[in-house]
Amino acid sequence: MLSAACKPERANRSLAGRLRRETADAHHRLETRLDLLCRPVDRQRFVHVLHRFLGFHTVWECAVRRHAGLRAFTDARTRLPHLRRDLVALGCDPAELDQLPLCLAAGELAACEASALGSIYVMEGSTLGGQLIGRALTEVDWLPDGGLAYFNPYGRETGAMWRAFHAFADARLPAQAHGAAVAGARRTFEVLEAWVP
Ligand code: HEM
């Protein structure tokens, strides 16, 4: 029998576990569609993918920050500056970046706070796979000085930032909202799969 003090920890683990288990198929599909690790890693392919993520983040970050309880957390993790910096370093004209198409479907992912947190789970998780992408990029001759930051925004702090995300999500989401978070995460993978390739 668990003591009362153990129960919250078990509930916490179950949110991370549910998110991982119940989105694993969607992650696999997106990873396969993006095909970012195919050799040789192609510069034009990366420019395209970063363009699309810029169109996604521009709408999505704005929608997520409408939730007052998430704002301070997500403002500290904005990836828009990384996307702009990477694209300019890859030779894109900053003025053209403002004209890129926007992913309007990204706004609905933050329809409620639980859905937004599920969606944040997906985008924060991309920094984990980003470690592999970063390693593949070290082999290319077109990598700008300082590398590409979007997929690896936290460097050595990646693990700590990931654990901090889960602690934050656990603290904000009651167990009855976990299903909505999983639905938001799954929908985020679907929106990205339709938008990025
Ligand atoms: C070539 C592309 C990708 C590869 C190779 C890849 C690979 C991986 C790997 C190896 C992990 C596990 C890392 C670990 O346990 O330390 C991971 C985790 C994760 N990735 Fe990806 N990934 C890719 C793209 C993406 C993208 C584009 C997203 C979302 C936008 C994403 C979302 C996630 C999430 C949410 C997790 C956390 C899973 C968990 O709960 O443990 N990944 N990825």
# chains A, B, ... in the order shown; residues from 1 in each chain; ligands from 1
$ residues_near_ligand --ligand "ligand 1" --cutoff "9 Å" --atoms "only C-alpha atoms and all ligand atoms" --output "VMD selection string"
chain A and resid 16 to 21 23 to 24 27 to 28 30 to 38 53 119 to 133 151 159 162 185 188 to 189 192 to 193
$ residues_around --residues "Phe168 (chain A)" --least-positions-apart "4" --cutoff "12 Å" --atoms "only C-alpha atoms" --output "tab-separated table (two decimals) with all heavy atoms, in the first residue's frame"
chain	number	residue	atom	x	y	z
A	12	ASN	N	2.52	11.95	-10.92
A	12	ASN	CA	3.40	12.74	-11.77
A	12	ASN	C	4.04	11.88	-12.84
A	12	ASN	O	4.10	12.22	-14.00
A	12	ASN	CB	4.51	13.39	-10.92
A	12	ASN	CG	3.96	14.50	-10.07
A	12	ASN	OD1	2.82	14.89	-10.25
A	12	ASN	ND2	4.77	14.99	-9.16
A	15	LEU	N	1.85	11.06	-15.86
A	15	LEU	CA	1.63	12.01	-16.96
A	15	LEU	C	2.74	11.88	-17.99
A	15	LEU	O	2.49	11.75	-19.19
A	15	LEU	CB	1.57	13.46	-16.43
A	15	LEU	CG	1.47	14.53	-17.53
A	15	LEU	CD1	0.23	14.33	-18.39
A	15	LEU	CD2	1.51	15.93	-16.94
A	16	ALA	N	3.99	11.88	-17.55
A	16	ALA	CA	5.12	11.72	-18.48
A	16	ALA	C	5.00	10.40	-19.24
A	16	ALA	O	5.22	10.33	-20.45
A	16	ALA	CB	6.44	11.80	-17.73
A	69	GLY	N	-1.07	31.47	-16.89
A	69	GLY	CA	-0.30	30.57	-16.03
A	69	GLY	C	0.88	29.92	-16.74
A	69	GLY	O	1.72	29.30	-16.10
A	70	LEU	N	0.93	30.02	-18.07
A	70	LEU	CA	2.03	29.39	-18.82
A	70	LEU	C	3.05	30.43	-19.30
A	70	LEU	O	4.13	30.07	-19.77
A	70	LEU	CB	1.48	28.65	-20.05
A	70	LEU	CG	0.41	27.57	-19.80
A	70	LEU	CD1	0.02	26.89	-21.11
A	70	LEU	CD2	0.92	26.53	-18.79
A	72	ALA	N	5.12	32.93	-18.19
A	72	ALA	CA	6.51	33.12	-17.73
A	72	ALA	C	7.35	31.91	-18.15
A	72	ALA	O	8.50	32.05	-18.60
A	72	ALA	CB	6.55	33.30	-16.22
A	73	PHE	N	6.74	30.72	-18.03
A	73	PHE	CA	7.48	29.50	-18.37
A	73	PHE	C	7.84	29.48	-19.85
A	73	PHE	O	8.99	29.23	-20.23
A	73	PHE	CB	6.62	28.27	-18.01
A	73	PHE	CG	7.30	26.97	-18.27
A	73	PHE	CD1	8.17	26.42	-17.33
A	73	PHE	CD2	7.10	26.28	-19.45
A	73	PHE	CE1	8.82	25.22	-17.57
A	73	PHE	CE2	7.73	25.07	-19.70
A	73	PHE	CZ	8.60	24.54	-18.76
A	74	THR	N	6.85	29.77	-20.70
A	74	THR	CA	7.12	29.64	-22.13
A	74	THR	C	7.94	30.83	-22.68
A	74	THR	O	8.73	30.65	-23.60
A	74	THR	CB	5.82	29.49	-22.94
A	74	THR	OG1	4.93	30.53	-22.58
A	74	THR	CG2	5.16	28.16	-22.68
A	117	LEU	N	-0.29	22.52	-22.74
A	117	LEU	CA	0.83	21.84	-22.07
A	117	LEU	C	1.23	20.57	-22.82
A	117	LEU	O	2.41	20.24	-22.91
A	117	LEU	CB	0.47	21.52	-20.62
A	117	LEU	CG	0.79	22.69	-19.67
A	117	LEU	CD1	0.06	22.53	-18.35
A	117	LEU	CD2	2.29	22.82	-19.44
A	118	GLY	N	0.24	19.86	-23.38
A	118	GLY	CA	0.56	18.69	-24.20
A	118	GLY	C	1.36	19.11	-25.43
A	118	GLY	O	2.31	18.43	-25.85
A	120	ILE	N	3.23	21.82	-25.63
A	120	ILE	CA	4.58	22.24	-25.18
A	120	ILE	C	5.45	21.00	-25.00
A	120	ILE	O	6.65	21.00	-25.32
A	120	ILE	CB	4.50	23.06	-23.86
A	120	ILE	CG1	3.76	24.37	-24.11
A	120	ILE	CG2	5.90	23.33	-23.31
A	120	ILE	CD1	3.41	25.12	-22.82
A	121	TYR	N	4.84	19.92	-24.49
A	121	TYR	CA	5.58	18.65	-24.34
A	121	TYR	C	6.23	18.26	-25.68
A	121	TYR	O	7.41	17.90	-25.73
A	121	TYR	CB	4.61	17.55	-23.88
A	121	TYR	CG	5.09	16.15	-24.17
A	121	TYR	CD1	6.03	15.52	-23.36
A	121	TYR	CD2	4.60	15.45	-25.28
A	121	TYR	CE1	6.49	14.24	-23.65
A	121	TYR	CE2	5.05	14.17	-25.58
A	121	TYR	CZ	6.00	13.58	-24.77
A	121	TYR	OH	6.45	12.31	-25.07
A	161	MET	N	16.42	20.93	-18.48
A	161	MET	CA	15.25	21.66	-18.99
A	161	MET	C	14.07	20.71	-19.20
A	161	MET	O	12.92	21.07	-18.97
A	161	MET	CB	15.58	22.38	-20.29
A	161	MET	CG	16.61	23.47	-20.17
A	161	MET	SD	16.05	24.85	-19.16
A	161	MET	CE	15.17	25.85	-20.38
A	162	TRP	N	14.37	19.50	-19.66
A	162	TRP	CA	13.32	18.50	-19.90
A	162	TRP	C	12.67	18.10	-18.57
A	162	TRP	O	11.46	18.05	-18.45
A	162	TRP	CB	13.95	17.30	-20.62
A	162	TRP	CG	13.02	16.19	-20.98
A	162	TRP	CD1	13.13	14.89	-20.58
A	162	TRP	CD2	11.86	16.24	-21.84
A	162	TRP	NE1	12.12	14.14	-21.13
A	162	TRP	CE2	11.33	14.95	-21.90
A	162	TRP	CE3	11.23	17.27	-22.54
A	162	TRP	CZ2	10.19	14.62	-22.64
A	162	TRP	CZ3	10.09	16.96	-23.27
A	162	TRP	CH2	9.59	15.66	-23.32
A	163	ARG	N	13.50	17.84	-17.56
A	163	ARG	CA	12.95	17.48	-16.25
A	163	ARG	C	12.16	18.64	-15.66
A	163	ARG	O	11.10	18.44	-15.07
A	163	ARG	CB	14.09	17.05	-15.30
A	163	ARG	CG	14.70	15.70	-15.67
A	163	ARG	CD	15.66	15.21	-14.61
A	163	ARG	NE	16.87	16.04	-14.51
A	163	ARG	CZ	17.92	15.93	-15.32
A	163	ARG	NH1	17.94	15.02	-16.27
A	163	ARG	NH2	18.97	16.71	-15.17
A	164	ALA	N	12.64	19.86	-15.88
A	164	ALA	CA	11.92	21.03	-15.36
A	164	ALA	C	10.57	21.18	-16.06
A	164	ALA	O	9.58	21.57	-15.44
A	164	ALA	CB	12.77	22.29	-15.54
A	172	ARG	N	0.98	21.82	-12.68
A	172	ARG	CA	-0.17	22.58	-13.19
A	172	ARG	C	-1.37	21.71	-13.54
A	172	ARG	O	-2.51	22.20	-13.52
A	172	ARG	CB	0.23	23.38	-14.45
A	172	ARG	CG	1.12	24.55	-14.14
A	172	ARG	CD	0.87	25.72	-15.06
A	172	ARG	NE	-0.44	26.33	-14.92
A	172	ARG	CZ	-0.75	27.29	-14.05
A	172	ARG	NH1	0.15	27.74	-13.20
A	172	ARG	NH2	-1.96	27.81	-14.01
A	173	LEU	N	-1.13	20.44	-13.88
A	173	LEU	CA	-2.24	19.65	-14.42
A	173	LEU	C	-2.79	18.65	-13.42
A	173	LEU	O	-2.09	17.71	-13.04
A	173	LEU	CB	-1.78	18.88	-15.66
A	173	LEU	CG	-1.70	19.63	-16.98
A	173	LEU	CD1	-1.38	18.65	-18.10
A	173	LEU	CD2	-2.98	20.37	-17.29
A	174	PRO	N	-4.05	18.79	-13.03
A	174	PRO	CA	-4.67	17.74	-12.22
A	174	PRO	C	-4.86	16.48	-13.07
A	174	PRO	O	-4.91	16.56	-14.31
A	174	PRO	CB	-6.03	18.35	-11.84
A	174	PRO	CG	-6.30	19.38	-12.88
A	174	PRO	CD	-4.97	19.87	-13.39
